[in-house]
Amino acid sequence: MIAISPRVQSWLDAWQGDDPAKVAALYAATGRHDSARIAAAMPELGRTHLIGPEELRQYAARAFARLAWRRFEPTSLTEQDGYSVLEYLRHSPLDAVPARVCEVLQWQGTQLVRSCAYHF
C-alpha cells in the first residue's frame, strides 16, 4: 500500500463518493480539468476541458450516473511543489478489467487549480 497525502485522499474520497458537490468543492473558482473523455460526456461544450466548480459538478454528476459504483486502487503517487501525480486502477461496472488512469493534480493549498486525466 502506498502513502496517500490528505489532499489526494480528499480527491479520492470525492470521486469515489456519490456527491458531485464534493468534487466541485475541490476546485478553485477558475480551476480547470482536462480529459479526452469530456467531449463524449458533455458534447454540448464542444471541448475537452472543464472550467470552474459548476462544470466539474455537472461532469461528476454524469460520471456518477454512468458508473453506479467505482473504486480507485492507487498504484503510485508522486508529489512535489504543489503537484500530485496519481496512478490508479479504476474498478467499475464498465470495466471488464481495471482501467489504468493517471491524474496530474496541481494544487494551490487544498484547492485544485488544474487537473489532467489520462486513461489507458
# chains A, B, ... in the order shown; residues from 1 in each chain; ligands from 1

$ residues_around --residues "Met42 in chain A" --least-positions-apart "4" --cutoff "8 Å" --atoms "only C-alpha atoms" --output "MDAnalysis selection string"
chainID A and resid 38 46 59

$ residues_around --residues "range 7-10 of chain A" --least-positions-apart "3" --cutoff "9 Å" --atoms "only C-alpha atoms" --output "PyMOL selection string"
chain A and resi 4+13-15+26+84+86+105+107+109-111

$ residues_around --residues "Asp34 in chain A" --least-positions-apart "2" --cutoff "8 Å" --atoms "only C-alpha atoms" --output "list in words"
Arg32, Ala36, Ile38, Thr48, His49, Leu50, Arg114, Ser115, Cys116 and Ala117 of chain A

$ residues_around --residues "Leu67 in chain A" --least-positions-apart "5" --cutoff "9 Å" --atoms "only C-alpha atoms" --output "mmCIF file with C-alpha atoms, in the first residue's frame"
data_model
loop_
_atom_site.group_PDB
_atom_site.id
_atom_site.type_symbol
_atom_site.label_atom_id
_atom_site.label_comp_id
_atom_site.auth_asym_id
_atom_site.auth_seq_id
_atom_site.Cartn_x
_atom_site.Cartn_y
_atom_site.Cartn_z
ATOM 1 C CA ARG A 62 -22.944 12.427 -15.208
ATOM 2 C CA SER A 92 -16.339 -0.148 -12.044
ATOM 3 C CA PRO A 93 -19.218 -1.973 -13.742
ATOM 4 C CA LEU A 94 -17.970 -0.611 -17.097
#

$ closest_residue --among "A:Ala24, A:Ala60, A:Ala40, A:Leu77" --to "Ile2 in chain A" --atoms "only C-alpha atoms"
A:Leu77

$ atom_distance --atom1 "CA of Tyr83 in chain A" --atom2 "CA of Val97 in chain A"
28.5 Å

$ closest_residue --among "A:Val85, A:Ala21, A:Met1, A:Ala29" --to "Val113 in chain A" --atoms "only C-alpha atoms"
A:Ala29

$ atom_distance --atom1 "CA of Glu44 in chain A" --atom2 "CA of Ala63 in chain A"
15.5 Å

$ select_by_dssp --residues "chain A" --states "helix (DSSP H, G or I)" --output "ChimeraX atom specification"
/A:6-16,20-25,38-41,43-45,52-66

$ write_last_selection --atoms "C-alpha atoms" --output "PDB file, in the first residue's frame"
ATOM      1  CA  PRO A   6      -4.570  14.286   2.925  1.00  0.00           C
ATOM      2  CA  ARG A   7      -5.304  16.415  -0.153  1.00  0.00           C
ATOM      3  CA  VAL A   8      -5.080  13.436  -2.523  1.00  0.00           C
ATOM      4  CA  GLN A   9      -7.208  11.417  -0.097  1.00  0.00           C
ATOM      5  CA  SER A  10      -9.847  14.170  -0.259  1.00  0.00           C
ATOM      6  CA  TRP A  11      -9.759  13.912  -4.076  1.00  0.00           C
ATOM      7  CA  LEU A  12     -10.119  10.102  -3.912  1.00  0.00           C
ATOM      8  CA  ASP A  13     -12.969  10.332  -1.407  1.00  0.00           C
ATOM      9  CA  ALA A  14     -14.828  12.878  -3.539  1.00  0.00           C
ATOM     10  CA  TRP A  15     -14.572  10.839  -6.757  1.00  0.00           C
ATOM     11  CA  GLN A  16     -15.396   7.550  -5.041  1.00  0.00           C
ATOM     12  CA  PRO A  20     -20.893  15.842  -7.201  1.00  0.00           C
ATOM     13  CA  ALA A  21     -20.759  18.918  -4.940  1.00  0.00           C
ATOM     14  CA  LYS A  22     -17.793  17.383  -3.085  1.00  0.00           C
ATOM     15  CA  VAL A  23     -15.907  17.054  -6.365  1.00  0.00           C
ATOM     16  CA  ALA A  24     -16.758  20.636  -7.318  1.00  0.00           C
ATOM     17  CA  ALA A  25     -15.634  21.924  -3.911  1.00  0.00           C
ATOM     18  CA  ILE A  38     -15.089  15.225 -21.534  1.00  0.00           C
ATOM     19  CA  ALA A  39     -16.054  15.609 -25.210  1.00  0.00           C
ATOM     20  CA  ALA A  40     -18.090  12.379 -25.067  1.00  0.00           C
ATOM     21  CA  ALA A  41     -19.600  13.024 -21.636  1.00  0.00           C
ATOM     22  CA  PRO A  43     -20.705  17.123 -26.106  1.00  0.00           C
ATOM     23  CA  GLU A  44     -22.612  20.379 -25.705  1.00  0.00           C
ATOM     24  CA  LEU A  45     -19.379  22.034 -24.515  1.00  0.00           C
ATOM     25  CA  GLY A  52     -14.849  26.065 -12.660  1.00  0.00           C
ATOM     26  CA  PRO A  53     -16.712  24.173  -9.989  1.00  0.00           C
ATOM     27  CA  GLU A  54     -20.108  24.216 -11.730  1.00  0.00           C
ATOM     28  CA  GLU A  55     -18.861  22.440 -14.860  1.00  0.00           C
ATOM     29  CA  LEU A  56     -16.988  19.968 -12.630  1.00  0.00           C
ATOM     30  CA  ARG A  57     -20.164  19.328 -10.635  1.00  0.00           C
ATOM     31  CA  GLN A  58     -22.152  18.613 -13.808  1.00  0.00           C
ATOM     32  CA  TYR A  59     -19.430  16.312 -15.147  1.00  0.00           C
ATOM     33  CA  ALA A  60     -19.205  14.415 -11.844  1.00  0.00           C
ATOM     34  CA  ALA A  61     -22.998  14.006 -11.739  1.00  0.00           C
ATOM     35  CA  ARG A  62     -22.944  12.427 -15.208  1.00  0.00           C
ATOM     36  CA  ALA A  63     -19.978  10.224 -14.311  1.00  0.00           C
ATOM     37  CA  PHE A  64     -21.691   9.018 -11.131  1.00  0.00           C
ATOM     38  CA  ALA A  65     -24.871   8.198 -13.076  1.00  0.00           C
ATOM     39  CA  ARG A  66     -22.852   6.254 -15.654  1.00  0.00           C
TER      40      ARG A  66
END

$ atom_distance --atom1 "CA of Tyr118 in chain A" --atom2 "CA of Pro98 in chain A"
14.2 Å

$ select_by_dssp --residues "chain A" --states "strand (DSSP E or B)" --output "ChimeraX atom specification"
/A:27-35,49-51,71-80,83-91,99-108,111-119

$ write_last_selection --atoms "C-alpha atoms" --output "PDB file, in the first residue's frame"
ATOM      1  CA  TYR A  27     -11.658  23.212  -7.428  1.00  0.00           C
ATOM      2  CA  ALA A  28     -10.760  26.892  -7.297  1.00  0.00           C
ATOM      3  CA  ALA A  29     -13.192  29.303  -8.999  1.00  0.00           C
ATOM      4  CA  THR A  30     -11.129  29.186 -12.206  1.00  0.00           C
ATOM      5  CA  GLY A  31      -9.928  25.601 -11.745  1.00  0.00           C
ATOM      6  CA  ARG A  32      -9.588  23.575 -14.936  1.00  0.00           C
ATOM      7  CA  HIS A  33      -9.879  19.857 -15.656  1.00  0.00           C
ATOM      8  CA  ASP A  34      -8.661  18.333 -18.934  1.00  0.00           C
ATOM      9  CA  SER A  35      -9.611  14.893 -20.216  1.00  0.00           C
ATOM     10  CA  HIS A  49     -11.756  20.688 -20.685  1.00  0.00           C
ATOM     11  CA  LEU A  50     -13.948  21.986 -17.894  1.00  0.00           C
ATOM     12  CA  ILE A  51     -13.589  25.316 -16.141  1.00  0.00           C
ATOM     13  CA  ARG A  71     -13.315   2.199  -6.651  1.00  0.00           C
ATOM     14  CA  PHE A  72      -9.863   3.583  -7.291  1.00  0.00           C
ATOM     15  CA  GLU A  73      -6.858   1.462  -6.367  1.00  0.00           C
ATOM     16  CA  PRO A  74      -3.799   3.767  -6.128  1.00  0.00           C
ATOM     17  CA  THR A  75      -0.641   2.206  -7.541  1.00  0.00           C
ATOM     18  CA  SER A  76       1.737   5.170  -7.238  1.00  0.00           C
ATOM     19  CA  LEU A  77       1.793   8.737  -6.010  1.00  0.00           C
ATOM     20  CA  THR A  78       4.487  11.348  -6.510  1.00  0.00           C
ATOM     21  CA  GLU A  79       4.161  14.831  -5.004  1.00  0.00           C
ATOM     22  CA  GLN A  80       6.335  17.901  -5.278  1.00  0.00           C
ATOM     23  CA  TYR A  83       1.723  18.876  -7.852  1.00  0.00           C
ATOM     24  CA  SER A  84       0.457  15.346  -7.304  1.00  0.00           C
ATOM     25  CA  VAL A  85       0.750  12.623  -9.921  1.00  0.00           C
ATOM     26  CA  LEU A  86      -1.535   9.740  -9.017  1.00  0.00           C
ATOM     27  CA  GLU A  87      -1.694   6.483 -10.920  1.00  0.00           C
ATOM     28  CA  TYR A  88      -4.535   4.121 -10.121  1.00  0.00           C
ATOM     29  CA  LEU A  89      -6.658   1.268 -11.346  1.00  0.00           C
ATOM     30  CA  ARG A  90     -10.331   2.136 -11.711  1.00  0.00           C
ATOM     31  CA  HIS A  91     -12.756  -0.654 -10.865  1.00  0.00           C
ATOM     32  CA  ALA A  99      -8.845   0.655 -16.238  1.00  0.00           C
ATOM     33  CA  ARG A 100      -5.416   2.297 -15.849  1.00  0.00           C
ATOM     34  CA  VAL A 101      -5.596   6.032 -15.148  1.00  0.00           C
ATOM     35  CA  CYS A 102      -3.067   8.741 -14.376  1.00  0.00           C
ATOM     36  CA  GLU A 103      -4.148  12.059 -12.880  1.00  0.00           C
ATOM     37  CA  VAL A 104      -1.916  15.106 -12.690  1.00  0.00           C
ATOM     38  CA  LEU A 105      -3.231  17.422  -9.978  1.00  0.00           C
ATOM     39  CA  GLN A 106      -1.980  20.979  -9.495  1.00  0.00           C
ATOM     40  CA  TRP A 107      -2.814  22.390  -6.082  1.00  0.00           C
ATOM     41  CA  GLN A 108      -2.917  25.831  -4.557  1.00  0.00           C
ATOM     42  CA  GLN A 111      -7.773  23.571  -3.887  1.00  0.00           C
ATOM     43  CA  LEU A 112      -7.156  22.332  -7.380  1.00  0.00           C
ATOM     44  CA  VAL A 113      -6.223  24.897  -9.990  1.00  0.00           C
ATOM     45  CA  ARG A 114      -5.692  22.304 -12.718  1.00  0.00           C
ATOM     46  CA  SER A 115      -6.074  18.593 -13.246  1.00  0.00           C
ATOM     47  CA  CYS A 116      -5.478  16.351 -16.232  1.00  0.00           C
ATOM     48  CA  ALA A 117      -6.722  12.776 -16.575  1.00  0.00           C
ATOM     49  CA  TYR A 118      -5.079  10.239 -18.848  1.00  0.00           C
ATOM     50  CA  HIS A 119      -6.919   6.973 -19.444  1.00  0.00           C
TER      51      HIS A 119
END

$ decode --residues "chain A" --atoms "C-alpha atoms" --output "PDB file, in the first residue's frame"
ATOM      1  CA  MET A   1       0.000   0.000   0.000  1.00  0.00           C
ATOM      2  CA  ILE A   2       1.251   3.489  -0.809  1.00  0.00           C
ATOM      3  CA  ALA A   3       1.088   6.535   1.454  1.00  0.00           C
ATOM      4  CA  ILE A   4      -1.637   8.982   0.389  1.00  0.00           C
ATOM      5  CA  SER A   5      -1.477  12.660   1.378  1.00  0.00           C
ATOM      6  CA  PRO A   6      -4.570  14.286   2.925  1.00  0.00           C
ATOM      7  CA  ARG A   7      -5.304  16.415  -0.153  1.00  0.00           C
ATOM      8  CA  VAL A   8      -5.080  13.436  -2.523  1.00  0.00           C
ATOM      9  CA  GLN A   9      -7.208  11.417  -0.097  1.00  0.00           C
ATOM     10  CA  SER A  10      -9.847  14.170  -0.259  1.00  0.00           C
ATOM     11  CA  TRP A  11      -9.759  13.912  -4.076  1.00  0.00           C
ATOM     12  CA  LEU A  12     -10.119  10.102  -3.912  1.00  0.00           C
ATOM     13  CA  ASP A  13     -12.969  10.332  -1.407  1.00  0.00           C
ATOM     14  CA  ALA A  14     -14.828  12.878  -3.539  1.00  0.00           C
ATOM     15  CA  TRP A  15     -14.572  10.839  -6.757  1.00  0.00           C
ATOM     16  CA  GLN A  16     -15.396   7.550  -5.041  1.00  0.00           C
ATOM     17  CA  GLY A  17     -18.411   9.092  -3.333  1.00  0.00           C
ATOM     18  CA  ASP A  18     -21.758   9.953  -4.854  1.00  0.00           C
ATOM     19  CA  ASP A  19     -21.851  13.699  -4.180  1.00  0.00           C
ATOM     20  CA  PRO A  20     -20.893  15.842  -7.201  1.00  0.00           C
ATOM     21  CA  ALA A  21     -20.759  18.918  -4.940  1.00  0.00           C
ATOM     22  CA  LYS A  22     -17.793  17.383  -3.085  1.00  0.00           C
ATOM     23  CA  VAL A  23     -15.907  17.054  -6.365  1.00  0.00           C
ATOM     24  CA  ALA A  24     -16.758  20.636  -7.318  1.00  0.00           C
ATOM     25  CA  ALA A  25     -15.634  21.924  -3.911  1.00  0.00           C
ATOM     26  CA  LEU A  26     -12.095  20.682  -4.595  1.00  0.00           C
ATOM     27  CA  TYR A  27     -11.658  23.212  -7.428  1.00  0.00           C
ATOM     28  CA  ALA A  28     -10.760  26.892  -7.297  1.00  0.00           C
ATOM     29  CA  ALA A  29     -13.192  29.303  -8.999  1.00  0.00           C
ATOM     30  CA  THR A  30     -11.129  29.186 -12.206  1.00  0.00           C
ATOM     31  CA  GLY A  31      -9.928  25.601 -11.745  1.00  0.00           C
ATOM     32  CA  ARG A  32      -9.588  23.575 -14.936  1.00  0.00           C
ATOM     33  CA  HIS A  33      -9.879  19.857 -15.656  1.00  0.00           C
ATOM     34  CA  ASP A  34      -8.661  18.333 -18.934  1.00  0.00           C
ATOM     35  CA  SER A  35      -9.611  14.893 -20.216  1.00  0.00           C
ATOM     36  CA  ALA A  36     -10.300  13.375 -23.611  1.00  0.00           C
ATOM     37  CA  ARG A  37     -13.421  11.842 -22.014  1.00  0.00           C
ATOM     38  CA  ILE A  38     -15.089  15.225 -21.534  1.00  0.00           C
ATOM     39  CA  ALA A  39     -16.054  15.609 -25.210  1.00  0.00           C
ATOM     40  CA  ALA A  40     -18.090  12.379 -25.067  1.00  0.00           C
ATOM     41  CA  ALA A  41     -19.600  13.024 -21.636  1.00  0.00           C
ATOM     42  CA  MET A  42     -20.538  16.660 -22.321  1.00  0.00           C
ATOM     43  CA  PRO A  43     -20.705  17.123 -26.106  1.00  0.00           C
ATOM     44  CA  GLU A  44     -22.612  20.379 -25.705  1.00  0.00           C
ATOM     45  CA  LEU A  45     -19.379  22.034 -24.515  1.00  0.00           C
ATOM     46  CA  GLY A  46     -17.515  21.221 -27.725  1.00  0.00           C
ATOM     47  CA  ARG A  47     -14.199  20.907 -25.868  1.00  0.00           C
ATOM     48  CA  THR A  48     -12.074  18.558 -23.809  1.00  0.00           C
ATOM     49  CA  HIS A  49     -11.756  20.688 -20.685  1.00  0.00           C
ATOM     50  CA  LEU A  50     -13.948  21.986 -17.894  1.00  0.00           C
ATOM     51  CA  ILE A  51     -13.589  25.316 -16.141  1.00  0.00           C
ATOM     52  CA  GLY A  52     -14.849  26.065 -12.660  1.00  0.00           C
ATOM     53  CA  PRO A  53     -16.712  24.173  -9.989  1.00  0.00           C
ATOM     54  CA  GLU A  54     -20.108  24.216 -11.730  1.00  0.00           C
ATOM     55  CA  GLU A  55     -18.861  22.440 -14.860  1.00  0.00           C
ATOM     56  CA  LEU A  56     -16.988  19.968 -12.630  1.00  0.00           C
ATOM     57  CA  ARG A  57     -20.164  19.328 -10.635  1.00  0.00           C
ATOM     58  CA  GLN A  58     -22.152  18.613 -13.808  1.00  0.00           C
ATOM     59  CA  TYR A  59     -19.430  16.312 -15.147  1.00  0.00           C
ATOM     60  CA  ALA A  60     -19.205  14.415 -11.844  1.00  0.00           C
ATOM     61  CA  ALA A  61     -22.998  14.006 -11.739  1.00  0.00           C
ATOM     62  CA  ARG A  62     -22.944  12.427 -15.208  1.00  0.00           C
ATOM     63  CA  ALA A  63     -19.978  10.224 -14.311  1.00  0.00           C
ATOM     64  CA  PHE A  64     -21.691   9.018 -11.131  1.00  0.00           C
ATOM     65  CA  ALA A  65     -24.871   8.198 -13.076  1.00  0.00           C
ATOM     66  CA  ARG A  66     -22.852   6.254 -15.654  1.00  0.00           C
ATOM     67  CA  LEU A  67     -20.703   4.425 -13.082  1.00  0.00           C
ATOM     68  CA  ALA A  68     -23.121   3.087 -10.487  1.00  0.00           C
ATOM     69  CA  TRP A  69     -20.142   2.321  -8.276  1.00  0.00           C
ATOM     70  CA  ARG A  70     -16.431   2.986  -8.621  1.00  0.00           C
ATOM     71  CA  ARG A  71     -13.315   2.199  -6.651  1.00  0.00           C
ATOM     72  CA  PHE A  72      -9.863   3.583  -7.291  1.00  0.00           C
ATOM     73  CA  GLU A  73      -6.858   1.462  -6.367  1.00  0.00           C
ATOM     74  CA  PRO A  74      -3.799   3.767  -6.128  1.00  0.00           C
ATOM     75  CA  THR A  75      -0.641   2.206  -7.541  1.00  0.00           C
ATOM     76  CA  SER A  76       1.737   5.170  -7.238  1.00  0.00           C
ATOM     77  CA  LEU A  77       1.793   8.737  -6.010  1.00  0.00           C
ATOM     78  CA  THR A  78       4.487  11.348  -6.510  1.00  0.00           C
ATOM     79  CA  GLU A  79       4.161  14.831  -5.004  1.00  0.00           C
ATOM     80  CA  GLN A  80       6.335  17.901  -5.278  1.00  0.00           C
ATOM     81  CA  ASP A  81       5.933  21.679  -5.392  1.00  0.00           C
ATOM     82  CA  GLY A  82       2.141  21.816  -5.482  1.00  0.00           C
ATOM     83  CA  TYR A  83       1.723  18.876  -7.852  1.00  0.00           C
ATOM     84  CA  SER A  84       0.457  15.346  -7.304  1.00  0.00           C
ATOM     85  CA  VAL A  85       0.750  12.623  -9.921  1.00  0.00           C
ATOM     86  CA  LEU A  86      -1.535   9.740  -9.017  1.00  0.00           C
ATOM     87  CA  GLU A  87      -1.694   6.483 -10.920  1.00  0.00           C
ATOM     88  CA  TYR A  88      -4.535   4.121 -10.121  1.00  0.00           C
ATOM     89  CA  LEU A  89      -6.658   1.268 -11.346  1.00  0.00           C
ATOM     90  CA  ARG A  90     -10.331   2.136 -11.711  1.00  0.00           C
ATOM     91  CA  HIS A  91     -12.756  -0.654 -10.865  1.00  0.00           C
ATOM     92  CA  SER A  92     -16.339  -0.148 -12.044  1.00  0.00           C
ATOM     93  CA  PRO A  93     -19.218  -1.973 -13.742  1.00  0.00           C
ATOM     94  CA  LEU A  94     -17.970  -0.611 -17.097  1.00  0.00           C
ATOM     95  CA  ASP A  95     -14.508  -2.137 -16.729  1.00  0.00           C
ATOM     96  CA  ALA A  96     -14.128  -5.819 -17.661  1.00  0.00           C
ATOM     97  CA  VAL A  97     -10.575  -5.410 -16.370  1.00  0.00           C
ATOM     98  CA  PRO A  98      -9.498  -2.478 -14.191  1.00  0.00           C
ATOM     99  CA  ALA A  99      -8.845   0.655 -16.238  1.00  0.00           C
ATOM    100  CA  ARG A 100      -5.416   2.297 -15.849  1.00  0.00           C
ATOM    101  CA  VAL A 101      -5.596   6.032 -15.148  1.00  0.00           C
ATOM    102  CA  CYS A 102      -3.067   8.741 -14.376  1.00  0.00           C
ATOM    103  CA  GLU A 103      -4.148  12.059 -12.880  1.00  0.00           C
ATOM    104  CA  VAL A 104      -1.916  15.106 -12.690  1.00  0.00           C
ATOM    105  CA  LEU A 105      -3.231  17.422  -9.978  1.00  0.00           C
ATOM    106  CA  GLN A 106      -1.980  20.979  -9.495  1.00  0.00           C
ATOM    107  CA  TRP A 107      -2.814  22.390  -6.082  1.00  0.00           C
ATOM    108  CA  GLN A 108      -2.917  25.831  -4.557  1.00  0.00           C
ATOM    109  CA  GLY A 109      -3.184  24.962  -0.901  1.00  0.00           C
ATOM    110  CA  THR A 110      -6.013  22.444  -0.692  1.00  0.00           C
ATOM    111  CA  GLN A 111      -7.773  23.571  -3.887  1.00  0.00           C
ATOM    112  CA  LEU A 112      -7.156  22.332  -7.380  1.00  0.00           C
ATOM    113  CA  VAL A 113      -6.223  24.897  -9.990  1.00  0.00           C
ATOM    114  CA  ARG A 114      -5.692  22.304 -12.718  1.00  0.00           C
ATOM    115  CA  SER A 115      -6.074  18.593 -13.246  1.00  0.00           C
ATOM    116  CA  CYS A 116      -5.478  16.351 -16.232  1.00  0.00           C
ATOM    117  CA  ALA A 117      -6.722  12.776 -16.575  1.00  0.00           C
ATOM    118  CA  TYR A 118      -5.079  10.239 -18.848  1.00  0.00           C
ATOM    119  CA  HIS A 119      -6.919   6.973 -19.444  1.00  0.00           C
ATOM    120  CA  PHE A 120      -5.004   3.993 -20.848  1.00  0.00           C
TER     121      PHE A 120
END
